[in-house]
file structure.cif (mmCIF, C-alpha atoms)
data_input
loop_
_atom_site.label_atom_id
_atom_site.label_comp_id
_atom_site.auth_asym_id
_atom_site.auth_seq_id
_atom_site.Cartn_x
_atom_site.Cartn_y
_atom_site.Cartn_z
CA MET A 83 22.18 31.16 -24.43
CA LYS A 84 19.96 28.85 -22.37
CA GLU A 85 20.70 28.10 -18.77
CA THR A 86 22.00 24.68 -19.79
CA LEU A 87 22.11 22.20 -22.65
CA ARG A 88 19.70 19.43 -23.56
CA PHE A 89 21.36 16.15 -24.42
CA SER A 90 20.83 12.43 -24.82
CA THR A 91 23.22 9.48 -24.86
CA ILE A 92 22.87 6.03 -26.38
CA SER A 93 25.24 3.08 -26.84
CA GLU A 94 24.26 -0.29 -28.26
CA CYS A 95 26.17 -3.47 -28.97
CA GLY A 96 24.66 -3.86 -32.44
CA PRO A 97 23.48 -7.03 -34.18
CA VAL A 98 26.87 -8.74 -34.70
CA ARG A 99 29.32 -8.00 -31.88
CA GLU A 100 29.16 -10.06 -28.69
CA GLN A 101 30.15 -7.16 -26.44
CA ASN A 102 30.00 -3.40 -26.58
CA GLU A 103 33.56 -2.04 -26.72
CA ASP A 104 32.30 1.56 -26.91
CA ASN A 105 32.00 3.69 -23.80
CA LEU A 106 30.71 7.18 -23.09
CA ALA A 107 30.63 9.62 -20.20
CA THR A 108 29.08 12.99 -19.38
CA TYR A 109 29.81 15.64 -16.80
CA ARG A 110 27.78 18.71 -15.90
CA HIS A 111 28.63 21.15 -13.16
CA GLU A 112 25.87 21.63 -10.59
CA SER A 113 25.37 25.19 -11.87
CA GLY A 114 24.73 23.86 -15.39
CA TRP A 115 28.05 25.01 -16.90
CA PRO A 116 30.52 23.77 -17.94
CA CYS A 117 29.37 20.48 -19.48
CA ALA A 118 31.54 17.74 -20.96
CA PHE A 119 30.76 14.79 -23.23
CA ILE A 120 33.09 11.90 -24.08
CA VAL A 121 32.93 9.02 -26.57
CA ALA A 122 35.51 6.23 -26.89
CA ASP A 123 35.61 3.21 -29.21
CA GLY A 124 37.81 0.45 -27.84
CA MET A 125 40.04 -1.90 -29.83
CA GLY A 126 41.67 -5.16 -28.89
CA GLY A 127 38.78 -7.57 -28.91
CA HIS A 128 36.05 -8.43 -26.41
CA GLN A 129 36.78 -7.28 -22.86
CA HIS A 130 40.12 -5.72 -23.82
CA GLY A 131 38.63 -3.04 -26.07
CA GLU A 132 35.90 -2.40 -23.55
CA LEU A 133 38.52 -2.05 -20.82
CA ALA A 134 40.57 0.43 -22.84
CA SER A 135 37.60 2.66 -23.65
CA ARG A 136 36.28 2.50 -20.07
CA ILE A 137 39.66 3.49 -18.60
CA ALA A 138 39.81 6.43 -21.02
CA VAL A 139 36.32 7.82 -20.42
CA ASP A 140 36.49 7.33 -16.65
CA TYR A 141 39.82 9.12 -16.41
CA CYS A 142 38.73 11.98 -18.67
CA ARG A 143 35.44 12.51 -16.84
CA ASP A 144 37.09 12.53 -13.43
CA ARG A 145 39.92 14.79 -14.57
CA LEU A 146 37.54 17.28 -16.20
CA ALA A 147 35.26 17.30 -13.17
CA ALA A 148 38.27 18.16 -11.01
CA ASP A 149 40.09 20.63 -13.24
CA LEU A 150 37.68 22.35 -15.65
CA GLY A 151 36.68 25.11 -13.29
CA SER A 152 34.08 27.73 -14.17
CA LEU A 153 36.28 30.20 -16.08
CA ASN A 154 36.29 30.04 -19.87
CA GLN A 155 39.98 30.64 -20.59
CA PRO A 156 40.83 29.30 -24.08
CA GLU A 157 44.58 28.91 -23.65
CA ARG A 158 44.22 27.09 -20.33
CA LEU A 159 41.41 24.86 -21.54
CA GLU A 160 43.14 23.87 -24.76
CA SER A 161 46.25 22.96 -22.75
CA LEU A 162 44.13 21.03 -20.23
CA LEU A 163 42.33 18.99 -22.89
CA SER A 164 45.59 18.13 -24.63
CA ASP A 165 47.08 17.03 -21.32
CA VAL A 166 44.00 14.96 -20.48
CA ILE A 167 44.41 13.02 -23.73
CA GLN A 168 48.13 12.47 -23.13
CA LYS A 169 47.51 11.21 -19.60
CA ALA A 170 44.61 9.01 -20.72
CA ASN A 171 46.94 7.47 -23.28
CA ILE A 172 49.45 6.65 -20.54
CA LYS A 173 46.69 5.12 -18.37
CA VAL A 174 45.56 2.82 -21.18
CA TYR A 175 49.10 1.88 -22.20
CA LEU A 176 50.21 1.03 -18.65
CA LYS A 177 47.10 -1.11 -18.17
CA SER A 178 47.93 -2.99 -21.36
CA LEU A 179 51.30 -3.94 -19.83
CA GLU A 180 49.77 -5.44 -16.69
CA ASP A 181 48.38 -8.53 -18.42
CA GLN A 182 49.54 -10.21 -21.63
CA ARG A 183 45.90 -10.63 -22.63
CA ASN A 184 45.57 -6.83 -22.75
CA SER A 185 48.54 -6.40 -25.09
CA GLY A 186 47.71 -4.15 -28.02
CA MET A 187 44.47 -2.80 -26.64
CA GLY A 188 43.62 0.79 -27.43
CA THR A 189 40.80 3.23 -27.96
CA THR A 190 39.69 6.31 -29.82
CA LEU A 191 38.64 9.37 -27.80
CA THR A 192 36.49 12.35 -28.71
CA MET A 193 35.52 15.01 -26.14
CA ALA A 194 33.43 18.17 -26.29
CA VAL A 195 33.45 20.71 -23.45
CA PHE A 196 30.79 23.43 -23.37
CA PHE A 197 30.69 26.80 -21.67
CA GLN A 198 27.82 29.24 -22.14
CA ASP A 199 29.43 30.88 -25.15
CA SER A 200 32.13 28.42 -26.24
CA VAL A 201 32.76 24.81 -27.15
CA TYR A 202 36.08 22.96 -27.14
CA VAL A 203 36.63 19.71 -29.03
CA ALA A 204 39.57 17.37 -28.37
CA HIS A 205 40.11 14.28 -30.44
CA ILE A 206 42.20 11.18 -31.21
CA GLY A 207 41.22 8.37 -33.59
CA ASP A 208 38.16 8.03 -35.82
CA SER A 209 35.23 8.71 -33.53
CA ARG A 210 33.75 12.03 -34.59
CA CYS A 211 32.20 15.32 -33.50
CA TYR A 212 29.75 17.10 -35.79
CA ILE A 213 27.99 20.45 -35.54
CA LEU A 214 24.69 21.36 -37.22
CA ARG A 215 24.46 25.13 -37.57
CA GLY A 216 21.97 26.94 -39.76
CA GLY A 217 20.77 23.62 -41.13
CA VAL A 218 24.25 22.70 -42.39
CA ILE A 219 26.29 19.85 -40.89
CA GLU A 220 30.07 20.13 -40.49
CA LYS A 221 32.55 17.58 -39.20
CA LEU A 222 34.63 19.30 -36.50
CA SER A 223 37.03 16.42 -35.90
CA ARG A 224 39.52 15.02 -38.41
CA ASP A 225 39.90 11.24 -38.61
CA HIS A 226 43.31 9.90 -37.68
CA THR A 227 43.26 7.17 -40.31
CA VAL A 228 45.30 5.98 -43.27
CA VAL A 229 42.43 6.90 -45.57
CA GLN A 230 42.25 10.46 -44.21
CA GLU A 231 45.96 10.86 -45.02
CA MET A 232 45.21 9.64 -48.55
CA LEU A 233 42.37 12.15 -48.81
CA ASP A 234 44.63 14.95 -47.58
CA ALA A 235 47.22 13.98 -50.19
CA LYS A 236 44.44 13.84 -52.83
CA THR A 237 45.45 10.36 -53.90
CA ILE A 238 41.86 9.15 -53.51
CA THR A 239 38.44 10.81 -53.70
CA GLU A 240 35.86 11.12 -50.92
CA GLU A 241 33.76 8.50 -52.71
CA GLU A 242 36.71 6.09 -52.83
CA GLY A 243 37.52 6.78 -49.19
CA ALA A 244 34.01 5.82 -48.07
CA THR A 245 34.53 2.21 -49.16
CA HIS A 246 38.32 1.91 -49.02
CA PRO A 247 39.49 -1.37 -47.41
CA GLN A 248 41.90 0.56 -45.14
CA ARG A 249 39.35 3.10 -43.90
CA HIS A 250 39.40 1.66 -40.35
CA ILE A 251 43.19 1.61 -39.95
CA LEU A 252 44.11 4.27 -37.38
CA THR A 253 47.23 6.42 -37.38
CA GLN A 254 46.64 7.63 -33.81
CA ALA A 255 44.81 6.13 -30.82
CA LEU A 256 45.17 5.86 -27.06
CA GLY A 257 47.24 2.98 -25.72
CA VAL A 258 50.66 3.55 -27.30
CA PRO A 259 54.05 4.46 -25.79
CA GLU A 260 54.53 7.40 -28.17
CA TYR A 261 53.60 11.02 -27.53
CA LEU A 262 50.30 11.80 -29.26
CA GLN A 263 49.32 14.78 -31.39
CA PRO A 264 45.68 15.35 -30.44
CA GLU A 265 43.50 17.86 -32.22
CA VAL A 266 42.01 20.55 -30.00
CA LEU A 267 39.79 23.29 -31.38
CA HIS A 268 37.73 26.13 -29.96
CA LEU A 269 34.66 27.79 -31.45
CA ASP A 270 31.86 30.07 -30.38
CA LEU A 271 28.63 28.42 -29.22
CA LYS A 272 25.43 29.80 -30.75
CA ARG A 273 21.80 29.32 -29.88
CA HIS A 274 20.20 26.46 -31.83
CA ASP A 275 23.54 24.74 -32.53
CA ARG A 276 23.23 20.96 -32.47
CA PHE A 277 26.13 18.56 -31.90
CA LEU A 278 26.73 14.87 -32.42
CA LEU A 279 29.56 12.80 -30.94
CA CYS A 280 29.63 9.27 -32.28
CA SER A 281 31.65 6.12 -32.92
CA ASP A 282 32.20 4.70 -36.39
CA GLY A 283 29.40 2.22 -35.88
CA LEU A 284 27.21 5.22 -36.74
CA HIS A 285 29.19 7.48 -39.07
CA GLY A 286 30.75 4.53 -40.90
CA PHE A 287 27.33 3.49 -42.17
CA VAL A 288 25.32 6.72 -42.31
CA ASP A 289 26.55 9.49 -44.62
CA ASP A 290 27.05 13.02 -43.34
CA PHE A 291 24.02 14.38 -45.22
CA SER A 292 21.71 11.85 -43.54
CA LEU A 293 23.25 12.57 -40.14
CA GLY A 294 22.58 16.26 -40.70
CA GLU A 295 19.01 15.72 -41.83
CA THR A 296 18.26 13.61 -38.76
CA LEU A 297 19.75 16.27 -36.48
CA ARG A 298 17.84 19.01 -38.31
CA MET A 299 14.44 17.31 -38.29
CA SER A 300 14.51 16.09 -34.68
CA THR A 301 12.50 17.90 -32.03
CA ASP A 302 14.45 16.64 -29.02
CA PRO A 303 17.78 14.91 -28.27
CA ASP A 304 16.20 11.64 -27.07
CA SER A 305 14.30 10.93 -30.27
CA CYS A 306 17.24 12.14 -32.34
CA ALA A 307 19.69 9.72 -30.71
CA ARG A 308 17.24 6.83 -31.14
CA ASP A 309 16.58 7.72 -34.78
CA LEU A 310 20.32 7.88 -35.52
CA VAL A 311 20.96 4.42 -34.08
CA ASP A 312 17.96 2.97 -35.90
CA LEU A 313 19.21 4.51 -39.14
CA ALA A 314 22.66 2.94 -38.67
CA LEU A 315 21.04 -0.45 -38.08
CA LYS A 316 18.87 0.00 -41.16
CA LYS A 317 22.00 0.81 -43.18
CA GLY A 318 23.60 -2.45 -42.05
CA SER A 319 25.87 -1.40 -39.20
CA ASN A 320 27.72 -4.44 -37.88
CA ASP A 321 29.60 -2.54 -35.17
CA ASN A 322 28.88 -1.10 -31.74
CA ILE A 323 26.93 2.14 -32.12
CA THR A 324 27.33 5.09 -29.75
CA ALA A 325 25.92 8.60 -30.05
CA ILE A 326 25.66 11.69 -27.87
CA VAL A 327 23.27 14.34 -29.18
CA ILE A 328 23.45 17.86 -27.75
CA PHE A 329 21.03 20.73 -28.38
CA ALA A 330 22.12 24.27 -27.46
#

call {"tool": "encode", "arguments": {"input": "structure.cif", "output": "structure tokens"}}
result
Amino acid sequence: MKETLRFSTISECGPVREQNEDNLATYRHESGWPCAFIVADGMGGHQHGELASRIAVDYCRDRLAADLGSLNQPERLESLLSDVIQKANIKVYLKSLEDQRNSGMGTTLTMAVFFQDSVYVAHIGDSRCYILRGGVIEKLSRDHTVVQEMLDAKTITEEEGATHPQRHILTQALGVPEYLQPEVLHLDLKRHDRFLLCSDGLHGFVDDFSLGETLRMSTDPDSCARDLVDLALKKGSNDNITAIVIFA
């Protein structure tokens, strides 16, 4: 594996929204490993969604910088990432109680933590993490949405889910008083793996095949991130668009 990862980040308001409610954060240890990447898509309207996503990414980045350490210990790291999500949820929820105008605000959260031979993904909501390996794209995260539950129950098809009117209704997000059930997974990291973390302003308008082709054809993370956002805009994205592209 290389001494470190190459990556690029991009977040744009898009052509319709007045404010960008997405936020992102990165962390890289001075030695190059571990690295962490975070995407959050806020809800609640205008500054309230932006506030929720900013609280989440700032807390997660600071917590990971303090507690990740240099040892790749799967059980400890999976527990840490789950706890980070639970505590981020509390932070967002308590902030929503401070001001009536913040009532109901929330955010998705998707994180990827890299060691030299491993990657950990932790997730709540419908932002996503993809891997491109051997030219094939795979979605590592599972959407916490009403439509995903319908897909799991096989009451609708993938084609129906792509345009279903309830596809943006979340079943889990940060900013609630309940205990969350985040997804945390661990997989080996291989040379030439490529990863994408993104909000639904990208994946909601660009199909997985096109995401994979853009990742596969790109020569560097910077041009890849730009091409992905431009593709979402070309496909008619009317949402904030955020992407983190990582080349191993």

call {"tool": "resolve_selection", "arguments": {"input": "structure.cif", "expression": "the PyMOL selection byres ((chain A and resi 210-220) around 7)", "output": "VMD selection string"}}
result
chain A and resid 192 208 to 209 221 to 223 275 to 281 294 298

call {"tool": "resolve_selection", "arguments": {"input": "structure.cif", "expression": "the PyMOL selection byres ((chain A and resi 264-269) around 7)", "output": "PDB file with C-alpha atoms, in the frame of the given file"}}
result
ATOM      1  CA  GLU A 160      43.140  23.870 -24.760  1.00  0.00           C
ATOM      2  CA  SER A 164      45.590  18.130 -24.630  1.00  0.00           C
ATOM      3  CA  SER A 200      32.130  28.420 -26.240  1.00  0.00           C
ATOM      4  CA  VAL A 201      32.760  24.810 -27.150  1.00  0.00           C
ATOM      5  CA  TYR A 202      36.080  22.960 -27.140  1.00  0.00           C
ATOM      6  CA  VAL A 203      36.630  19.710 -29.030  1.00  0.00           C
ATOM      7  CA  ALA A 204      39.570  17.370 -28.370  1.00  0.00           C
ATOM      8  CA  HIS A 205      40.110  14.280 -30.440  1.00  0.00           C
ATOM      9  CA  ILE A 206      42.200  11.180 -31.210  1.00  0.00           C
ATOM     10  CA  LEU A 262      50.300  11.800 -29.260  1.00  0.00           C
ATOM     11  CA  GLN A 263      49.320  14.780 -31.390  1.00  0.00           C
ATOM     12  CA  ASP A 270      31.860  30.070 -30.380  1.00  0.00           C
ATOM     13  CA  LEU A 271      28.630  28.420 -29.220  1.00  0.00           C
TER      14      LEU A 271
END

call {"tool": "resolve_selection", "arguments": {"input": "structure.cif", "expression": "the PyMOL selection byres ((chain A and resi 244) around 12)", "output": "PyMOL selection string"}}
result
chain A and resi 229-230+232-233+238-243+245-250+282+285-290

call {"tool": "residues_around", "arguments": {"input": "structure.cif", "residues": "Arg99 (chain A)", "least_positions_apart": "6", "cutoff": "8 Å", "atoms": "all atoms listed in the file", "output": "PyMOL selection string"}}
result
chain A and resi 320-322

call {"tool": "atom_distance", "arguments": {"input": "structure.cif", "atom1": "CA of Thr108 (chain A)", "atom2": "CA of Glu132 (chain A)"}}
result
17.3 Å

call {"tool": "closest_residue", "arguments": {"input": "structure.cif", "among": "A:Ala134, A:Ala314, A:Val327, A:Met193", "to": "Asp302 (chain A)", "atoms": "only C-alpha atoms"}}
result
A:Val327

call {"tool": "closest_residue", "arguments": {"input": "structure.cif", "among": "A:Leu153, A:Ala148, A:Val228, A:Ala138", "to": "Ile172 (chain A)", "atoms": "only C-alpha atoms"}}
result
A:Ala138

call {"tool": "residues_around", "arguments": {"input": "structure.cif", "residues": "Phe196 (chain A)", "least_positions_apart": "6", "cutoff": "7 Å", "atoms": "only C-alpha atoms", "output": "number ranges by chain"}}
result
A: 116-118, 202

call {"tool": "residues_near_point", "arguments": {"input": "structure.cif", "point": "(27.9, -0.1, -32.2)", "cutoff": "10 Å", "atoms": "all atoms listed in the file", "output": "ChimeraX atom specification"}}
result
/A:92-99,101-104,123,280-284,311,314-315,319-325

call {"tool": "atom_distance", "arguments": {"input": "structure.cif", "atom1": "CA of His130 (chain A)", "atom2": "CA of Glu100 (chain A)"}}
result
12.8 Å

call {"tool": "axis_aligned_box", "arguments": {"input": "structure.cif", "around": "region 131-142 of chain A", "padding_each_side": "3 Å", "output": "JSON"}}
result
{"center_x": 38.2, "center_y": 4.5, "center_z": -21.2, "size_x": 10.7, "size_y": 21.0, "size_z": 15.7}

call {"tool": "closest_residue", "arguments": {"input": "structure.cif", "among": "A:Trp115, A:Phe197, A:Tyr261, A:Tyr109", "to": "Asn154 (chain A)", "atoms": "only C-alpha atoms"}}
result
A:Phe197

call {"tool": "residues_around", "arguments": {"input": "structure.cif", "residues": "Gly257 (chain A)", "least_positions_apart": "5", "cutoff": "12 Å", "atoms": "all atoms listed in the file", "output": "ChimeraX atom specification"}}
result
/A:124-126,130-131,133-135,137-138,167-179,184-191,206-207,262

call {"tool": "write_last_selection", "arguments": {"input": "structure.cif", "atoms": "C-alpha atoms", "output": "CSV table (one decimal), in the frame of the given file"}}
result
chain,number,residue,atom,x,y,z
A,124,GLY,CA,37.8,0.4,-27.8
A,125,MET,CA,40.0,-1.9,-29.8
A,126,GLY,CA,41.7,-5.2,-28.9
A,130,HIS,CA,40.1,-5.7,-23.8
A,131,GLY,CA,38.6,-3.0,-26.1
A,133,LEU,CA,38.5,-2.0,-20.8
A,134,ALA,CA,40.6,0.4,-22.8
A,135,SER,CA,37.6,2.7,-23.6
A,137,ILE,CA,39.7,3.5,-18.6
A,138,ALA,CA,39.8,6.4,-21.0
A,167,ILE,CA,44.4,13.0,-23.7
A,168,GLN,CA,48.1,12.5,-23.1
A,169,LYS,CA,47.5,11.2,-19.6
A,170,ALA,CA,44.6,9.0,-20.7
A,171,ASN,CA,46.9,7.5,-23.3
A,172,ILE,CA,49.4,6.6,-20.5
A,173,LYS,CA,46.7,5.1,-18.4
A,174,VAL,CA,45.6,2.8,-21.2
A,175,TYR,CA,49.1,1.9,-22.2
A,176,LEU,CA,50.2,1.0,-18.6
A,177,LYS,CA,47.1,-1.1,-18.2
A,178,SER,CA,47.9,-3.0,-21.4
A,179,LEU,CA,51.3,-3.9,-19.8
A,184,ASN,CA,45.6,-6.8,-22.8
A,185,SER,CA,48.5,-6.4,-25.1
A,186,GLY,CA,47.7,-4.2,-28.0
A,187,MET,CA,44.5,-2.8,-26.6
A,188,GLY,CA,43.6,0.8,-27.4
A,189,THR,CA,40.8,3.2,-28.0
A,190,THR,CA,39.7,6.3,-29.8
A,191,LEU,CA,38.6,9.4,-27.8
A,206,ILE,CA,42.2,11.2,-31.2
A,207,GLY,CA,41.2,8.4,-33.6
A,262,LEU,CA,50.3,11.8,-29.3

call {"tool": "atom_distance", "arguments": {"input": "structure.cif", "atom1": "CA of Asp144 (chain A)", "atom2": "CA of Arg308 (chain A)"}}
result
27.2 Å

call {"tool": "closest_residue", "arguments": {"input": "structure.cif", "among": "A:Pro259, A:Gly318, A:Gly151, A:Pro303", "to": "Phe89 (chain A)", "atoms": "all atoms listed in the file"}}
result
A:Pro303

call {"tool": "build_atoms", "arguments": {"input": "structure.cif", "residues": "region 210-229 of chain A", "atoms": "N, CA and C atoms", "output": "PDB file, in the coordinates of the input"}}
result
ATOM      1  N   ARG A 210      33.917  10.705 -33.991  1.00  0.00           N
ATOM      2  CA  ARG A 210      33.750  12.030 -34.590  1.00  0.00           C
ATOM      3  C   ARG A 210      32.889  12.965 -33.747  1.00  0.00           C
ATOM      4  N   CYS A 211      33.073  14.267 -34.022  1.00  0.00           N
ATOM      5  CA  CYS A 211      32.200  15.320 -33.500  1.00  0.00           C
ATOM      6  C   CYS A 211      31.708  16.149 -34.666  1.00  0.00           C
ATOM      7  N   TYR A 212      30.387  16.293 -34.759  1.00  0.00           N
ATOM      8  CA  TYR A 212      29.750  17.100 -35.790  1.00  0.00           C
ATOM      9  C   TYR A 212      29.013  18.277 -35.159  1.00  0.00           C
ATOM     10  N   ILE A 213      28.862  19.344 -35.915  1.00  0.00           N
ATOM     11  CA  ILE A 213      27.990  20.450 -35.540  1.00  0.00           C
ATOM     12  C   ILE A 213      26.974  20.666 -36.657  1.00  0.00           C
ATOM     13  N   LEU A 214      25.719  20.909 -36.286  1.00  0.00           N
ATOM     14  CA  LEU A 214      24.690  21.360 -37.220  1.00  0.00           C
ATOM     15  C   LEU A 214      24.385  22.802 -36.874  1.00  0.00           C
ATOM     16  N   ARG A 215      24.689  23.704 -37.800  1.00  0.00           N
ATOM     17  CA  ARG A 215      24.460  25.130 -37.570  1.00  0.00           C
ATOM     18  C   ARG A 215      23.802  25.718 -38.829  1.00  0.00           C
ATOM     19  N   GLY A 216      22.678  26.379 -38.616  1.00  0.00           N
ATOM     20  CA  GLY A 216      21.970  26.940 -39.760  1.00  0.00           C
ATOM     21  C   GLY A 216      21.522  25.896 -40.752  1.00  0.00           C
ATOM     22  N   GLY A 217      21.229  24.694 -40.267  1.00  0.00           N
ATOM     23  CA  GLY A 217      20.770  23.620 -41.130  1.00  0.00           C
ATOM     24  C   GLY A 217      21.864  22.913 -41.902  1.00  0.00           C
ATOM     25  N   VAL A 218      23.125  23.289 -41.664  1.00  0.00           N
ATOM     26  CA  VAL A 218      24.250  22.700 -42.390  1.00  0.00           C
ATOM     27  C   VAL A 218      25.129  21.918 -41.423  1.00  0.00           C
ATOM     28  N   ILE A 219      25.439  20.665 -41.760  1.00  0.00           N
ATOM     29  CA  ILE A 219      26.290  19.850 -40.890  1.00  0.00           C
ATOM     30  C   ILE A 219      27.751  20.001 -41.285  1.00  0.00           C
ATOM     31  N   GLU A 220      28.620  20.031 -40.272  1.00  0.00           N
ATOM     32  CA  GLU A 220      30.070  20.130 -40.490  1.00  0.00           C
ATOM     33  C   GLU A 220      30.772  19.182 -39.536  1.00  0.00           C
ATOM     34  N   LYS A 221      31.741  18.454 -40.037  1.00  0.00           N
ATOM     35  CA  LYS A 221      32.550  17.580 -39.200  1.00  0.00           C
ATOM     36  C   LYS A 221      33.644  18.409 -38.557  1.00  0.00           C
ATOM     37  N   LEU A 222      33.643  18.493 -37.221  1.00  0.00           N
ATOM     38  CA  LEU A 222      34.630  19.300 -36.500  1.00  0.00           C
ATOM     39  C   LEU A 222      35.926  18.534 -36.267  1.00  0.00           C
ATOM     40  N   SER A 223      35.850  17.231 -36.134  1.00  0.00           N
ATOM     41  CA  SER A 223      37.030  16.420 -35.900  1.00  0.00           C
ATOM     42  C   SER A 223      37.575  15.900 -37.232  1.00  0.00           C
ATOM     43  N   ARG A 224      38.870  15.581 -37.226  1.00  0.00           N
ATOM     44  CA  ARG A 224      39.520  15.020 -38.410  1.00  0.00           C
ATOM     45  C   ARG A 224      39.972  13.608 -38.075  1.00  0.00           C
ATOM     46  N   ASP A 225      39.549  12.632 -38.879  1.00  0.00           N
ATOM     47  CA  ASP A 225      39.900  11.240 -38.610  1.00  0.00           C
ATOM     48  C   ASP A 225      41.408  11.033 -38.644  1.00  0.00           C
ATOM     49  N   HIS A 226      41.909  10.303 -37.674  1.00  0.00           N
ATOM     50  CA  HIS A 226      43.310   9.900 -37.680  1.00  0.00           C
ATOM     51  C   HIS A 226      43.383   8.489 -38.267  1.00  0.00           C
ATOM     52  N   THR A 227      43.283   8.430 -39.589  1.00  0.00           N
ATOM     53  CA  THR A 227      43.260   7.170 -40.310  1.00  0.00           C
ATOM     54  C   THR A 227      44.165   7.242 -41.534  1.00  0.00           C
ATOM     55  N   VAL A 228      44.522   6.065 -42.038  1.00  0.00           N
ATOM     56  CA  VAL A 228      45.300   5.980 -43.270  1.00  0.00           C
ATOM     57  C   VAL A 228      44.532   6.610 -44.418  1.00  0.00           C
ATOM     58  N   VAL A 229      43.241   6.354 -44.472  1.00  0.00           N
ATOM     59  CA  VAL A 229      42.430   6.900 -45.570  1.00  0.00           C
ATOM     60  C   VAL A 229      42.368   8.415 -45.504  1.00  0.00           C
TER      61      VAL A 229
END
